[in-house]
$ cat data-v5.cif   # mmCIF, C-alpha atoms
data_final
loop_
_atom_site.group_PDB
_atom_site.id
_atom_site.type_symbol
_atom_site.label_atom_id
_atom_site.label_comp_id
_atom_site.auth_asym_id
_atom_site.auth_seq_id
_atom_site.Cartn_x
_atom_site.Cartn_y
_atom_site.Cartn_z
ATOM 1 C CA MET V 1 7.310 23.348 12.552
ATOM 2 C CA ARG V 2 10.313 25.559 13.327
ATOM 3 C CA ARG V 3 10.878 24.917 17.019
ATOM 4 C CA GLY V 4 13.725 22.632 17.985
ATOM 5 C CA ARG V 5 15.122 22.075 14.503
ATOM 6 C CA ALA V 6 18.406 23.844 15.176
ATOM 7 C CA ALA V 7 19.210 21.228 17.796
ATOM 8 C CA LEU V 8 18.028 18.524 15.419
ATOM 9 C CA ALA V 9 20.331 19.778 12.663
ATOM 10 C CA VAL V 10 23.266 19.789 15.095
ATOM 11 C CA THR V 11 22.493 16.227 16.117
ATOM 12 C CA ILE V 12 22.430 15.089 12.511
ATOM 13 C CA ALA V 13 25.533 17.071 11.555
ATOM 14 C CA THR V 14 27.575 15.499 14.334
ATOM 15 C CA GLY V 15 26.594 12.033 13.213
ATOM 16 C CA ALA V 16 24.614 11.067 16.302
ATOM 17 C CA LEU V 17 23.007 8.169 14.458
ATOM 18 C CA LEU V 18 22.803 4.524 15.326
ATOM 19 C CA ALA V 19 21.396 1.171 14.424
ATOM 20 C CA VAL V 20 18.176 -0.304 15.738
ATOM 21 C CA SER V 21 20.039 -3.138 17.417
ATOM 22 C CA ALA V 22 21.900 -0.979 19.940
ATOM 23 C CA PRO V 23 20.673 2.627 20.261
ATOM 24 C CA ALA V 24 22.272 3.159 23.670
ATOM 25 C CA GLN V 25 25.732 2.527 22.272
ATOM 26 C CA ALA V 26 25.748 5.715 20.194
ATOM 27 C CA ALA V 27 23.633 8.525 21.619
ATOM 28 C CA ALA V 28 20.476 9.276 23.483
ATOM 29 C CA ALA V 29 17.324 9.555 21.401
ATOM 30 C CA PRO V 30 16.594 13.046 20.105
ATOM 31 C CA PRO V 31 14.023 15.028 22.093
ATOM 32 C CA VAL V 32 10.498 15.127 20.682
ATOM 33 C CA THR V 33 7.736 17.639 21.267
ATOM 34 C CA ALA V 34 4.995 14.996 21.283
ATOM 35 C CA ALA V 35 2.903 14.670 24.419
ATOM 36 C CA GLY V 36 3.191 10.911 23.992
ATOM 37 C CA ALA V 37 5.449 8.838 21.750
ATOM 38 C CA VAL V 38 6.886 5.404 21.142
ATOM 39 C CA LEU V 39 9.287 3.852 18.629
ATOM 40 C CA LEU V 40 9.440 0.109 18.001
ATOM 41 C CA ASP V 41 11.618 -2.240 16.027
ATOM 42 C CA GLY V 42 9.102 -3.122 13.323
ATOM 43 C CA THR V 43 10.257 -6.740 13.136
ATOM 44 C CA THR V 44 10.764 -7.783 16.736
ATOM 45 C CA GLY V 45 8.505 -5.284 18.479
ATOM 46 C CA THR V 46 11.350 -4.251 20.768
ATOM 47 C CA GLU V 47 10.758 -0.794 22.206
ATOM 48 C CA LEU V 48 13.516 1.619 21.224
ATOM 49 C CA PHE V 49 12.138 4.857 22.651
ATOM 50 C CA SER V 50 9.123 6.014 24.614
ATOM 51 C CA LYS V 51 7.688 9.144 26.160
ATOM 52 C CA ASP V 52 4.572 8.952 28.310
ATOM 53 C CA ALA V 53 3.612 5.931 26.237
ATOM 54 C CA ASP V 54 0.784 4.636 28.439
ATOM 55 C CA THR V 55 -1.238 7.812 28.943
ATOM 56 C CA LYS V 56 -4.589 7.719 27.153
ATOM 57 C CA ARG V 57 -5.085 10.466 24.576
ATOM 58 C CA GLN V 58 -7.405 11.223 21.716
ATOM 59 C CA MET V 59 -6.029 9.903 18.436
ATOM 60 C CA ALA V 60 -7.990 11.764 15.712
ATOM 61 C CA SER V 61 -7.805 10.067 12.283
ATOM 62 C CA THR V 62 -5.212 7.510 13.349
ATOM 63 C CA THR V 63 -8.446 5.784 14.420
ATOM 64 C CA LYS V 64 -8.785 4.805 10.755
ATOM 65 C CA ILE V 65 -6.036 2.223 11.139
ATOM 66 C CA MET V 66 -8.510 0.198 13.190
ATOM 67 C CA THR V 67 -11.330 1.042 10.769
ATOM 68 C CA PHE V 68 -9.218 -0.508 8.004
ATOM 69 C CA ILE V 69 -8.347 -3.593 10.047
ATOM 70 C CA THR V 70 -11.928 -4.159 11.154
ATOM 71 C CA VAL V 71 -13.059 -4.130 7.524
ATOM 72 C CA THR V 72 -10.288 -6.289 6.105
ATOM 73 C CA THR V 73 -10.493 -8.940 8.812
ATOM 74 C CA SER V 74 -14.256 -9.325 8.367
ATOM 75 C CA PRO V 75 -15.264 -12.923 7.541
ATOM 76 C CA GLY V 76 -15.463 -13.522 3.811
ATOM 77 C CA ILE V 77 -14.119 -10.061 2.956
ATOM 78 C CA ASP V 78 -14.433 -9.229 -0.742
ATOM 79 C CA LEU V 79 -12.411 -6.163 -1.713
ATOM 80 C CA ASN V 80 -14.287 -5.981 -5.019
ATOM 81 C CA ARG V 81 -17.678 -5.633 -3.338
ATOM 82 C CA THR V 82 -19.337 -2.345 -4.254
ATOM 83 C CA VAL V 83 -20.754 0.069 -1.678
ATOM 84 C CA PRO V 84 -23.387 2.641 -2.655
ATOM 85 C CA ILE V 85 -22.531 6.137 -1.434
ATOM 86 C CA GLN V 86 -25.366 7.803 0.445
ATOM 87 C CA GLN V 87 -25.907 11.548 0.701
ATOM 88 C CA GLU V 88 -25.813 11.206 4.493
ATOM 89 C CA TYR V 89 -22.122 10.322 4.346
ATOM 90 C CA LEU V 90 -21.392 13.551 2.507
ATOM 91 C CA ASP V 91 -23.658 15.642 4.741
ATOM 92 C CA TYR V 92 -21.819 14.236 7.764
ATOM 93 C CA VAL V 93 -18.463 15.454 6.453
ATOM 94 C CA VAL V 94 -19.833 18.947 5.855
ATOM 95 C CA ARG V 95 -21.559 19.039 9.228
ATOM 96 C CA GLU V 96 -18.403 17.983 11.080
ATOM 97 C CA GLY V 97 -15.933 19.960 8.964
ATOM 98 C CA ALA V 98 -14.128 16.671 8.484
ATOM 99 C CA SER V 99 -11.402 15.505 6.126
ATOM 100 C CA THR V 100 -12.953 13.979 3.032
ATOM 101 C CA ALA V 101 -12.400 11.779 0.001
ATOM 102 C CA HIS V 102 -15.034 13.908 -1.800
ATOM 103 C CA LEU V 103 -17.077 10.850 -2.716
ATOM 104 C CA LYS V 104 -20.014 11.337 -5.066
ATOM 105 C CA ALA V 105 -23.541 10.536 -3.886
ATOM 106 C CA GLY V 106 -24.799 7.549 -5.851
ATOM 107 C CA ALA V 107 -21.316 6.334 -6.756
ATOM 108 C CA THR V 108 -20.545 2.664 -6.171
ATOM 109 C CA PRO V 109 -16.853 2.357 -5.267
ATOM 110 C CA THR V 110 -15.422 -1.001 -4.353
ATOM 111 C CA VAL V 111 -14.300 -1.742 -0.828
ATOM 112 C CA ARG V 112 -10.729 -1.569 -2.117
ATOM 113 C CA GLN V 113 -11.304 1.937 -3.479
ATOM 114 C CA LEU V 114 -12.893 3.020 -0.210
ATOM 115 C CA LEU V 115 -9.864 1.777 1.711
ATOM 116 C CA TYR V 116 -7.654 4.067 -0.360
ATOM 117 C CA GLY V 117 -10.157 6.895 0.154
ATOM 118 C CA LEU V 118 -10.062 6.168 3.877
ATOM 119 C CA MET V 119 -6.302 6.167 4.307
ATOM 120 C CA LEU V 120 -4.863 8.556 1.712
ATOM 121 C CA PRO V 121 -7.051 11.696 1.925
ATOM 122 C CA SER V 122 -8.287 10.479 5.326
ATOM 123 C CA GLY V 123 -11.855 10.455 4.089
ATOM 124 C CA CYS V 124 -14.425 10.472 6.863
ATOM 125 C CA ASP V 125 -17.041 9.918 4.163
ATOM 126 C CA ALA V 126 -15.208 6.724 3.187
ATOM 127 C CA ALA V 127 -15.054 5.688 6.852
ATOM 128 C CA TYR V 128 -18.798 6.252 7.213
ATOM 129 C CA ALA V 129 -19.506 4.193 4.087
ATOM 130 C CA LEU V 130 -17.360 1.310 5.308
ATOM 131 C CA ALA V 131 -18.837 1.354 8.822
ATOM 132 C CA ASP V 132 -22.359 1.343 7.376
ATOM 133 C CA ALA V 133 -21.497 -1.487 4.992
ATOM 134 C CA PHE V 134 -19.724 -3.720 7.511
ATOM 135 C CA GLY V 135 -21.859 -3.132 10.599
ATOM 136 C CA SER V 136 -24.997 -5.117 11.384
ATOM 137 C CA GLY V 137 -28.434 -3.652 12.059
ATOM 138 C CA ALA V 138 -31.623 -2.339 10.546
ATOM 139 C CA THR V 139 -30.595 1.317 10.415
ATOM 140 C CA THR V 140 -27.475 3.297 9.586
ATOM 141 C CA GLN V 141 -27.176 4.316 13.232
ATOM 142 C CA ALA V 142 -27.381 0.705 14.380
ATOM 143 C CA ARG V 143 -24.920 -0.499 11.768
ATOM 144 C CA THR V 144 -22.294 2.126 12.530
ATOM 145 C CA ALA V 145 -22.669 1.504 16.280
ATOM 146 C CA ASP V 146 -22.173 -2.214 15.670
ATOM 147 C CA PHE V 147 -19.082 -1.479 13.584
ATOM 148 C CA VAL V 148 -17.567 0.584 16.410
ATOM 149 C CA ALA V 149 -18.308 -2.317 18.760
ATOM 150 C CA LYS V 150 -16.356 -4.565 16.389
ATOM 151 C CA MET V 151 -13.447 -2.103 16.511
ATOM 152 C CA ASN V 152 -13.434 -2.347 20.291
ATOM 153 C CA ALA V 153 -13.613 -6.140 20.156
ATOM 154 C CA LYS V 154 -10.615 -6.202 17.814
ATOM 155 C CA ALA V 155 -8.675 -3.904 20.141
ATOM 156 C CA LYS V 156 -9.393 -6.235 23.040
ATOM 157 C CA ALA V 157 -8.312 -9.260 21.009
ATOM 158 C CA LEU V 158 -5.022 -7.547 20.178
ATOM 159 C CA GLY V 159 -4.335 -6.739 23.825
ATOM 160 C CA MET V 160 -4.841 -2.998 23.442
ATOM 161 C CA THR V 161 -5.861 -2.632 27.064
ATOM 162 C CA ASN V 162 -5.766 1.177 27.153
ATOM 163 C CA THR V 163 -7.770 1.794 23.978
ATOM 164 C CA VAL V 164 -11.446 2.523 23.479
ATOM 165 C CA TYR V 165 -13.267 3.661 20.356
ATOM 166 C CA ASP V 166 -16.494 5.650 20.186
ATOM 167 C CA SER V 167 -16.003 6.580 16.543
ATOM 168 C CA PHE V 168 -15.351 4.967 13.174
ATOM 169 C CA ASP V 169 -13.181 7.866 11.980
ATOM 170 C CA GLY V 170 -11.751 9.696 15.013
ATOM 171 C CA ILE V 171 -14.429 12.379 15.316
ATOM 172 C CA SER V 172 -15.359 11.596 18.901
ATOM 173 C CA PRO V 173 -18.948 12.332 19.948
ATOM 174 C CA THR V 174 -18.177 11.761 23.637
ATOM 175 C CA GLY V 175 -14.465 12.580 23.934
ATOM 176 C CA ASN V 176 -13.899 8.925 24.761
ATOM 177 C CA ASN V 177 -12.048 7.856 21.611
ATOM 178 C CA LEU V 178 -8.761 7.122 23.329
ATOM 179 C CA THR V 179 -5.539 5.204 22.893
ATOM 180 C CA THR V 180 -1.922 5.272 24.015
ATOM 181 C CA PRO V 181 1.230 5.420 21.897
ATOM 182 C CA ARG V 182 2.104 1.884 22.979
ATOM 183 C CA ASP V 183 -1.319 0.485 22.038
ATOM 184 C CA LEU V 184 -1.347 2.285 18.706
ATOM 185 C CA ALA V 185 2.129 0.986 17.876
ATOM 186 C CA LYS V 186 0.981 -2.536 18.748
ATOM 187 C CA LEU V 187 -1.966 -2.181 16.381
ATOM 188 C CA THR V 188 0.227 -0.803 13.629
ATOM 189 C CA LYS V 189 2.780 -3.591 13.908
ATOM 190 C CA TYR V 190 -0.080 -6.050 13.505
ATOM 191 C CA ALA V 191 -1.565 -4.092 10.600
ATOM 192 C CA MET V 192 1.742 -3.884 8.732
ATOM 193 C CA THR V 193 1.853 -7.677 8.463
ATOM 194 C CA GLY V 194 -1.101 -7.444 6.070
ATOM 195 C CA THR V 195 -0.207 -7.039 2.409
ATOM 196 C CA THR V 196 -3.281 -4.947 1.583
ATOM 197 C CA PHE V 197 -2.734 -2.555 4.463
ATOM 198 C CA LYS V 198 0.972 -2.147 3.736
ATOM 199 C CA SER V 199 0.295 -1.581 0.048
ATOM 200 C CA VAL V 200 -2.337 1.087 0.702
ATOM 201 C CA VAL V 201 -0.505 3.124 3.345
ATOM 202 C CA LYS V 202 2.732 3.399 1.360
ATOM 203 C CA THR V 203 0.910 4.733 -1.724
ATOM 204 C CA ALA V 204 1.511 8.419 -2.427
ATOM 205 C CA SER V 205 -1.436 8.843 -4.804
ATOM 206 C CA TYR V 206 -4.260 6.729 -6.195
ATOM 207 C CA SER V 207 -6.922 7.242 -8.843
ATOM 208 C CA SER V 208 -10.419 7.577 -7.428
ATOM 209 C CA GLY V 209 -11.801 5.834 -10.506
ATOM 210 C CA GLY V 210 -14.502 8.463 -10.965
ATOM 211 C CA THR V 211 -16.074 7.770 -7.554
ATOM 212 C CA SER V 212 -14.931 11.160 -6.237
ATOM 213 C CA THR V 213 -14.831 14.731 -7.438
ATOM 214 C CA ASP V 214 -11.077 14.344 -6.920
ATOM 215 C CA ALA V 215 -9.517 12.530 -9.862
ATOM 216 C CA THR V 216 -6.643 11.418 -7.636
ATOM 217 C CA TRP V 217 -6.379 10.928 -3.901
ATOM 218 C CA LYS V 218 -3.080 12.062 -2.403
ATOM 219 C CA ASN V 219 -1.684 10.651 0.798
ATOM 220 C CA SER V 220 -1.913 13.096 3.694
ATOM 221 C CA ASN V 221 1.351 11.655 5.072
ATOM 222 C CA LEU V 222 3.939 14.194 3.898
ATOM 223 C CA LEU V 223 6.802 11.789 4.544
ATOM 224 C CA LEU V 224 5.630 9.974 1.411
ATOM 225 C CA GLN V 225 5.004 12.969 -0.809
ATOM 226 C CA PRO V 226 7.672 14.126 -3.267
ATOM 227 C CA SER V 227 9.396 17.477 -2.979
ATOM 228 C CA PRO V 228 8.498 20.299 -2.848
ATOM 229 C CA THR V 229 5.046 19.476 -1.422
ATOM 230 C CA GLY V 230 6.384 16.751 0.862
ATOM 231 C CA TYR V 231 9.570 15.508 2.474
ATOM 232 C CA ALA V 232 10.236 12.522 0.186
ATOM 233 C CA TYR V 233 11.740 10.898 3.264
ATOM 234 C CA PRO V 234 13.916 7.912 2.271
ATOM 235 C CA GLY V 235 12.422 4.574 3.251
ATOM 236 C CA ALA V 236 9.049 5.900 4.441
ATOM 237 C CA ILE V 237 6.355 3.227 4.014
ATOM 238 C CA GLY V 238 3.399 4.751 5.899
ATOM 239 C CA VAL V 239 1.304 4.991 7.938
ATOM 240 C CA LYS V 240 -1.386 7.520 9.004
ATOM 241 C CA THR V 241 -1.884 11.127 10.002
ATOM 242 C CA GLY V 242 -4.460 12.559 12.363
ATOM 243 C CA THR V 243 -5.375 16.059 13.471
ATOM 244 C CA GLY V 244 -8.045 17.254 15.873
ATOM 245 C CA THR V 245 -8.778 20.024 18.320
ATOM 246 C CA ALA V 246 -8.397 17.755 21.352
ATOM 247 C CA ALA V 247 -5.898 15.341 19.812
ATOM 248 C CA GLY V 248 -3.559 17.892 18.274
ATOM 249 C CA LYS V 249 -1.363 16.725 15.420
ATOM 250 C CA CYS V 250 -0.693 12.989 15.412
ATOM 251 C CA LEU V 251 1.399 10.728 13.209
ATOM 252 C CA VAL V 252 1.893 6.995 12.964
ATOM 253 C CA PHE V 253 4.921 6.333 10.774
ATOM 254 C CA SER V 254 7.009 3.462 9.531
ATOM 255 C CA VAL V 255 10.387 3.570 7.822
ATOM 256 C CA THR V 256 12.523 0.798 6.328
ATOM 257 C CA ARG V 257 16.194 1.446 5.736
ATOM 258 C CA ASN V 258 19.483 -0.452 5.860
ATOM 259 C CA GLY V 259 17.571 -3.717 6.220
ATOM 260 C CA LYS V 260 15.698 -2.572 9.338
ATOM 261 C CA THR V 261 12.216 -1.205 9.988
ATOM 262 C CA VAL V 262 10.812 1.043 12.696
ATOM 263 C CA ILE V 263 7.238 1.869 13.640
ATOM 264 C CA GLY V 264 6.583 5.081 15.523
ATOM 265 C CA VAL V 265 3.668 6.895 17.105
ATOM 266 C CA LEU V 266 3.545 10.605 17.936
ATOM 267 C CA LEU V 267 0.431 11.948 19.673
ATOM 268 C CA ASN V 268 -0.242 15.667 20.070
ATOM 269 C CA ASP V 269 2.953 16.781 18.347
ATOM 270 C CA GLU V 270 3.271 20.140 16.582
ATOM 271 C CA GLU V 271 6.591 18.950 15.165
ATOM 272 C CA ARG V 272 5.388 15.544 14.057
ATOM 273 C CA TYR V 273 7.344 15.351 10.784
ATOM 274 C CA ALA V 274 10.620 16.698 12.142
ATOM 275 C CA ASP V 275 10.304 14.390 15.149
ATOM 276 C CA SER V 276 9.484 11.322 13.032
ATOM 277 C CA MET V 277 12.494 11.918 10.784
ATOM 278 C CA ALA V 278 14.812 12.576 13.708
ATOM 279 C CA LEU V 279 13.759 9.390 15.493
ATOM 280 C CA SER V 280 14.048 7.349 12.302
ATOM 281 C CA ASP V 281 17.525 8.658 11.524
ATOM 282 C CA TRP V 282 18.544 8.023 15.124
ATOM 283 C CA ALA V 283 17.369 4.425 14.969
ATOM 284 C CA LEU V 284 18.188 3.453 11.395
ATOM 285 C CA GLY V 285 21.081 5.651 10.377
ATOM 286 C CA SER V 286 20.842 8.180 7.602
ATOM 287 C CA ALA V 287 20.618 7.494 3.888
ATOM 288 C CA THR V 288 21.156 9.542 0.763
ATOM 289 C CA GLY V 289 18.547 12.284 0.937
ATOM 290 C CA SER V 290 17.638 11.638 4.559
ATOM 291 C CA LYS V 291 19.781 14.387 6.009
ATOM 292 C CA ALA V 292 18.585 16.780 3.313
ATOM 293 C CA ALA V 293 14.938 16.061 4.143
ATOM 294 C CA VAL V 294 15.408 16.841 7.824
ATOM 295 C CA GLN V 295 17.499 19.927 7.188
ATOM 296 C CA ARG V 296 14.957 21.221 4.735
ATOM 297 C CA SER V 297 12.275 20.920 7.390
ATOM 298 C CA ASN V 298 14.435 23.221 9.514
ATOM 299 C CA THR V 299 14.905 25.939 6.902
ATOM 300 C CA ASP V 300 11.844 25.657 4.700
ATOM 301 C CA PRO V 301 8.863 24.185 6.559
ATOM 302 C CA ILE V 302 6.284 22.427 4.421
ATOM 303 C CA PRO V 303 2.712 23.442 5.338
ATOM 304 C CA ASP V 304 1.295 20.767 7.635
ATOM 305 C CA VAL V 305 -2.412 21.113 6.969
ATOM 306 C CA LEU V 306 -3.611 17.928 5.308
ATOM 307 C CA ASP V 307 -4.911 16.051 8.379
#

$ encode --input "data-v5.cif" --output "structure tokens"
Amino acid sequence: MRRGRAALAVTIATGALLAVSAPAQAAAAPPVTAAGAVLLDGTTGTELFSKDADTKRQMASTTKIMTFITVTTSPGIDLNRTVPIQQEYLDYVVREGASTAHLKAGATPTVRQLLYGLMLPSGCDAAYALADAFGSGATTQARTADFVAKMNAKAKALGMTNTVYDSFDGISPTGNNLTTPRDLAKLTKYAMTGTTFKSVVKTASYSSGGTSTDATWKNSNLLLQPSPTGYAYPGAIGVKTGTGTAAGKCLVFSVTRNGKTVIGVLLNDEERYADSMALSDWALGSATGSKAAVQRSNTDPIPDVLD
């Protein structure tokens, strides 16, 4: 996370910041190392910045944004419904070397708890449990396949024309779990209109209620974590990390400041946190603590290993 931060610090120090309404009037957007990126006005959907925004790429655990939406838009959704945790969900995480909520076999978390386990620690076990619970079919395999089909149907309904899912959690069995920055930003703008989604993704930590061997789930999004383990970035309100061998490091982020909101997507970006903060400061203007957060990332990188 060291590359390019000297230039970033210079940009910030010289005050090359601007409002969402007229970015071209101040300065060009800062360079980003992402293979693909987009930044939107979170209210209007106006595109503020893009880089190779329509090229399909693997998205890793940012897939779980659609997992969440597919669950919470299910007919008659009851967030207090309980879901029994099967050993297969836990074996899957071990087998795949996947990120986990460390759910306990035999535990009966509510759907609401599983949504926090899905989004904060990026639990692939929680994703498996939700897909099994909300898919249709006689077997686990059939139910999870049906759930993925529902994810694809939702993507189509939202006009995500360059997105296809083959996975409920981002671990792609075929390599065909693909999206674009523009599609993923479109999904996120839609998702952030939901009170449950917005509440979950802005949460830094949440009690597992005894359903996990972890007493507390911490959000893998370091923009939301307090110093010194995170950036405590002013105004950060989400959204989701993702990391994979093919996908690289990915980040979907949203920041509200000075009465404005942005939504950004960075795919395959080794500098995802520095880039997200630079773009947000460029679009929204800095705030107390904002400059310090970016400068700290230049001089004292925080380990980026959570997901």

$ residues_around --input "data-v5.cif" --residues "region 151-160 of chain V" --least-positions-apart "2" --cutoff "7 Å" --atoms "all atoms listed in the file" --output "JSON, numbers by chain"
{"V": [66, 67, 70, 147, 148, 149, 162, 163, 164, 165, 183]}

$ resolve_selection --input "data-v5.cif" --expression "the PyMOL selection byres ((chain V and resi 270) around 8)" --output "list in words"
Met1, Thr33, Ala34, Gly248, Lys249, Asn268, Asp269, Glu271 and Arg272 of chain V

$ residues_around --input "data-v5.cif" --residues "Pro228 (chain V)" --least-positions-apart "5" --cutoff "12 Å" --atoms "all atoms listed in the file" --output "PyMOL selection string"
chain V and resi 222-223+233+293+296-297+300-303

$ write_last_selection --input "data-v5.cif" --atoms "C-alpha atoms" --output "mmCIF file, keeping the file's coordinate frame"
data_model
loop_
_atom_site.group_PDB
_atom_site.id
_atom_site.type_symbol
_atom_site.label_atom_id
_atom_site.label_comp_id
_atom_site.auth_asym_id
_atom_site.auth_seq_id
_atom_site.Cartn_x
_atom_site.Cartn_y
_atom_site.Cartn_z
ATOM 1 C CA LEU V 222 3.939 14.194 3.898
ATOM 2 C CA LEU V 223 6.802 11.789 4.544
ATOM 3 C CA TYR V 233 11.740 10.898 3.264
ATOM 4 C CA ALA V 293 14.938 16.061 4.143
ATOM 5 C CA ARG V 296 14.957 21.221 4.735
ATOM 6 C CA SER V 297 12.275 20.920 7.390
ATOM 7 C CA ASP V 300 11.844 25.657 4.700
ATOM 8 C CA PRO V 301 8.863 24.185 6.559
ATOM 9 C CA ILE V 302 6.284 22.427 4.421
ATOM 10 C CA PRO V 303 2.712 23.442 5.338
#

$ atom_distance --input "data-v5.cif" --atom1 "CA of Ile263 (chain V)" --atom2 "CA of Val38 (chain V)"
8.3 Å

$ atom_distance --input "data-v5.cif" --atom1 "CA of His102 (chain V)" --atom2 "CA of Ser212 (chain V)"
5.2 Å

$ residues_near_point --input "data-v5.cif" --point "(-15.8, 17.0, 15.7)" --cutoff "7 Å" --atoms "all atoms listed in the file" --output "JSON, numbers by chain"
{"V": [96, 171, 172]}

$ residues_around --input "data-v5.cif" --residues "Ala204 (chain V)" --least-positions-apart "3" --cutoff "12 Å" --atoms "all atoms listed in the file" --output "NGL selection string"
:V and (116 or 119-121 or 199-201 or 207 or 216-226 or 229-233 or 236-240)

$ residues_around --input "data-v5.cif" --residues "Asn80 (chain V)" --least-positions-apart "5" --cutoff "8 Å" --atoms "only C-alpha atoms" --output "ChimeraX atom specification"
/V:110-112

$ resolve_selection --input "data-v5.cif" --expression "the PyMOL selection byres ((chain V and resi 89-92) around 10)" --output "MDAnalysis selection string"
chainID V and resid 85:88 93:98 100:105 124:129 132

$ residues_near_point --input "data-v5.cif" --point "(17.5, -1.7, 9.9)" --cutoff "12 Å" --atoms "all atoms listed in the file" --output "NGL selection string"
:V and (18-23 or 40-44 or 235 or 254-263 or 280-287)

$ write_last_selection --input "data-v5.cif" --atoms "C-alpha atoms" --output "compact mmCIF listing (two decimals), keeping the file's coordinate frame"
# COMPACT_ATOMS: atom_id res chain seq x y z
CA LEU V 18 22.80 4.52 15.33
CA ALA V 19 21.40 1.17 14.42
CA VAL V 20 18.18 -0.30 15.74
CA SER V 21 20.04 -3.14 17.42
CA ALA V 22 21.90 -0.98 19.94
CA PRO V 23 20.67 2.63 20.26
CA LEU V 40 9.44 0.11 18.00
CA ASP V 41 11.62 -2.24 16.03
CA GLY V 42 9.10 -3.12 13.32
CA THR V 43 10.26 -6.74 13.14
CA THR V 44 10.76 -7.78 16.74
CA GLY V 235 12.42 4.57 3.25
CA SER V 254 7.01 3.46 9.53
CA VAL V 255 10.39 3.57 7.82
CA THR V 256 12.52 0.80 6.33
CA ARG V 257 16.19 1.45 5.74
CA ASN V 258 19.48 -0.45 5.86
CA GLY V 259 17.57 -3.72 6.22
CA LYS V 260 15.70 -2.57 9.34
CA THR V 261 12.22 -1.20 9.99
CA VAL V 262 10.81 1.04 12.70
CA ILE V 263 7.24 1.87 13.64
CA SER V 280 14.05 7.35 12.30
CA ASP V 281 17.52 8.66 11.52
CA TRP V 282 18.54 8.02 15.12
CA ALA V 283 17.37 4.42 14.97
CA LEU V 284 18.19 3.45 11.40
CA GLY V 285 21.08 5.65 10.38
CA SER V 286 20.84 8.18 7.60
CA ALA V 287 20.62 7.49 3.89

$ axis_aligned_box --input "data-v5.cif" --around "region 213-216 of chain V" --padding-each-side "4 Å" --output "AutoDock Vina command-line options"
--center_x -10.7 --center_y 13.1 --center_z -8.4 --size_x 16.2 --size_y 11.3 --size_z 10.9

$ closest_residue --input "data-v5.cif" --among "V:Thr245, V:Thr211, V:Ser99, V:Thr299" --to "Gln113 (chain V)" --atoms "only C-alpha atoms"
V:Thr211

$ closest_residue --input "data-v5.cif" --among "V:Ser50, V:Ser290, V:Ala131, V:Gly45" --to "Pro31 (chain V)" --atoms "only C-alpha atoms"
V:Ser50

$ closest_residue --input "data-v5.cif" --among "V:Gly123, V:Tyr190, V:Ala27, V:Gln58" --to "Asp214 (chain V)" --atoms "only C-alpha atoms"
V:Gly123

$ atom_distance --input "data-v5.cif" --atom1 "CA of Gln141 (chain V)" --atom2 "CA of Thr188 (chain V)"
27.9 Å

$ closest_residue --input "data-v5.cif" --among "V:Leu178, V:Leu48, V:Ala191, V:Leu267" --to "Gly242 (chain V)" --atoms "only C-alpha atoms"
V:Leu267

$ closest_residue --input "data-v5.cif" --among "V:Thr63, V:Thr196, V:Met277, V:Ala142" --to "Lys291 (chain V)" --atoms "all atoms listed in the file"
V:Met277

$ decode --input "data-v5.cif" --residues "region 89-99 of chain V" --atoms "N, CA and C atoms" --output "PDB file, in the first residue's frame"
ATOM      1  N   TYR V  89     -21.550 -26.353   5.851  1.00  0.00           N
ATOM      2  CA  TYR V  89     -21.185 -24.955   5.631  1.00  0.00           C
ATOM      3  C   TYR V  89     -19.773 -24.675   6.164  1.00  0.00           C
ATOM      4  N   LEU V  90     -19.476 -25.260   7.291  1.00  0.00           N
ATOM      5  CA  LEU V  90     -18.172 -25.054   7.923  1.00  0.00           C
ATOM      6  C   LEU V  90     -17.082 -25.816   7.178  1.00  0.00           C
ATOM      7  N   ASP V  91     -17.406 -27.029   6.735  1.00  0.00           N
ATOM      8  CA  ASP V  91     -16.438 -27.816   5.958  1.00  0.00           C
ATOM      9  C   ASP V  91     -16.093 -27.096   4.654  1.00  0.00           C
ATOM     10  N   TYR V  92     -17.084 -26.464   4.059  1.00  0.00           N
ATOM     11  CA  TYR V  92     -16.880 -25.723   2.808  1.00  0.00           C
ATOM     12  C   TYR V  92     -15.847 -24.613   2.996  1.00  0.00           C
ATOM     13  N   VAL V  93     -15.971 -23.873   4.080  1.00  0.00           N
ATOM     14  CA  VAL V  93     -15.039 -22.774   4.352  1.00  0.00           C
ATOM     15  C   VAL V  93     -13.617 -23.299   4.501  1.00  0.00           C
ATOM     16  N   VAL V  94     -13.464 -24.397   5.216  1.00  0.00           N
ATOM     17  CA  VAL V  94     -12.138 -24.989   5.407  1.00  0.00           C
ATOM     18  C   VAL V  94     -11.587 -25.485   4.080  1.00  0.00           C
ATOM     19  N   ARG V  95     -12.430 -26.165   3.331  1.00  0.00           N
ATOM     20  CA  ARG V  95     -12.013 -26.731   2.043  1.00  0.00           C
ATOM     21  C   ARG V  95     -11.555 -25.648   1.066  1.00  0.00           C
ATOM     22  N   GLU V  96     -12.246 -24.517   1.075  1.00  0.00           N
ATOM     23  CA  GLU V  96     -11.948 -23.438   0.131  1.00  0.00           C
ATOM     24  C   GLU V  96     -10.946 -22.433   0.673  1.00  0.00           C
ATOM     25  N   GLY V  97     -10.593 -22.535   1.954  1.00  0.00           N
ATOM     26  CA  GLY V  97      -9.724 -21.529   2.559  1.00  0.00           C
ATOM     27  C   GLY V  97     -10.368 -20.156   2.531  1.00  0.00           C
ATOM     28  N   ALA V  98     -11.664 -20.127   2.809  1.00  0.00           N
ATOM     29  CA  ALA V  98     -12.473 -18.931   2.609  1.00  0.00           C
ATOM     30  C   ALA V  98     -12.572 -18.085   3.879  1.00  0.00           C
ATOM     31  N   SER V  99     -12.930 -16.822   3.699  1.00  0.00           N
ATOM     32  CA  SER V  99     -13.222 -15.961   4.839  1.00  0.00           C
ATOM     33  C   SER V  99     -14.454 -16.502   5.558  1.00  0.00           C
TER      34      SER V  99
END
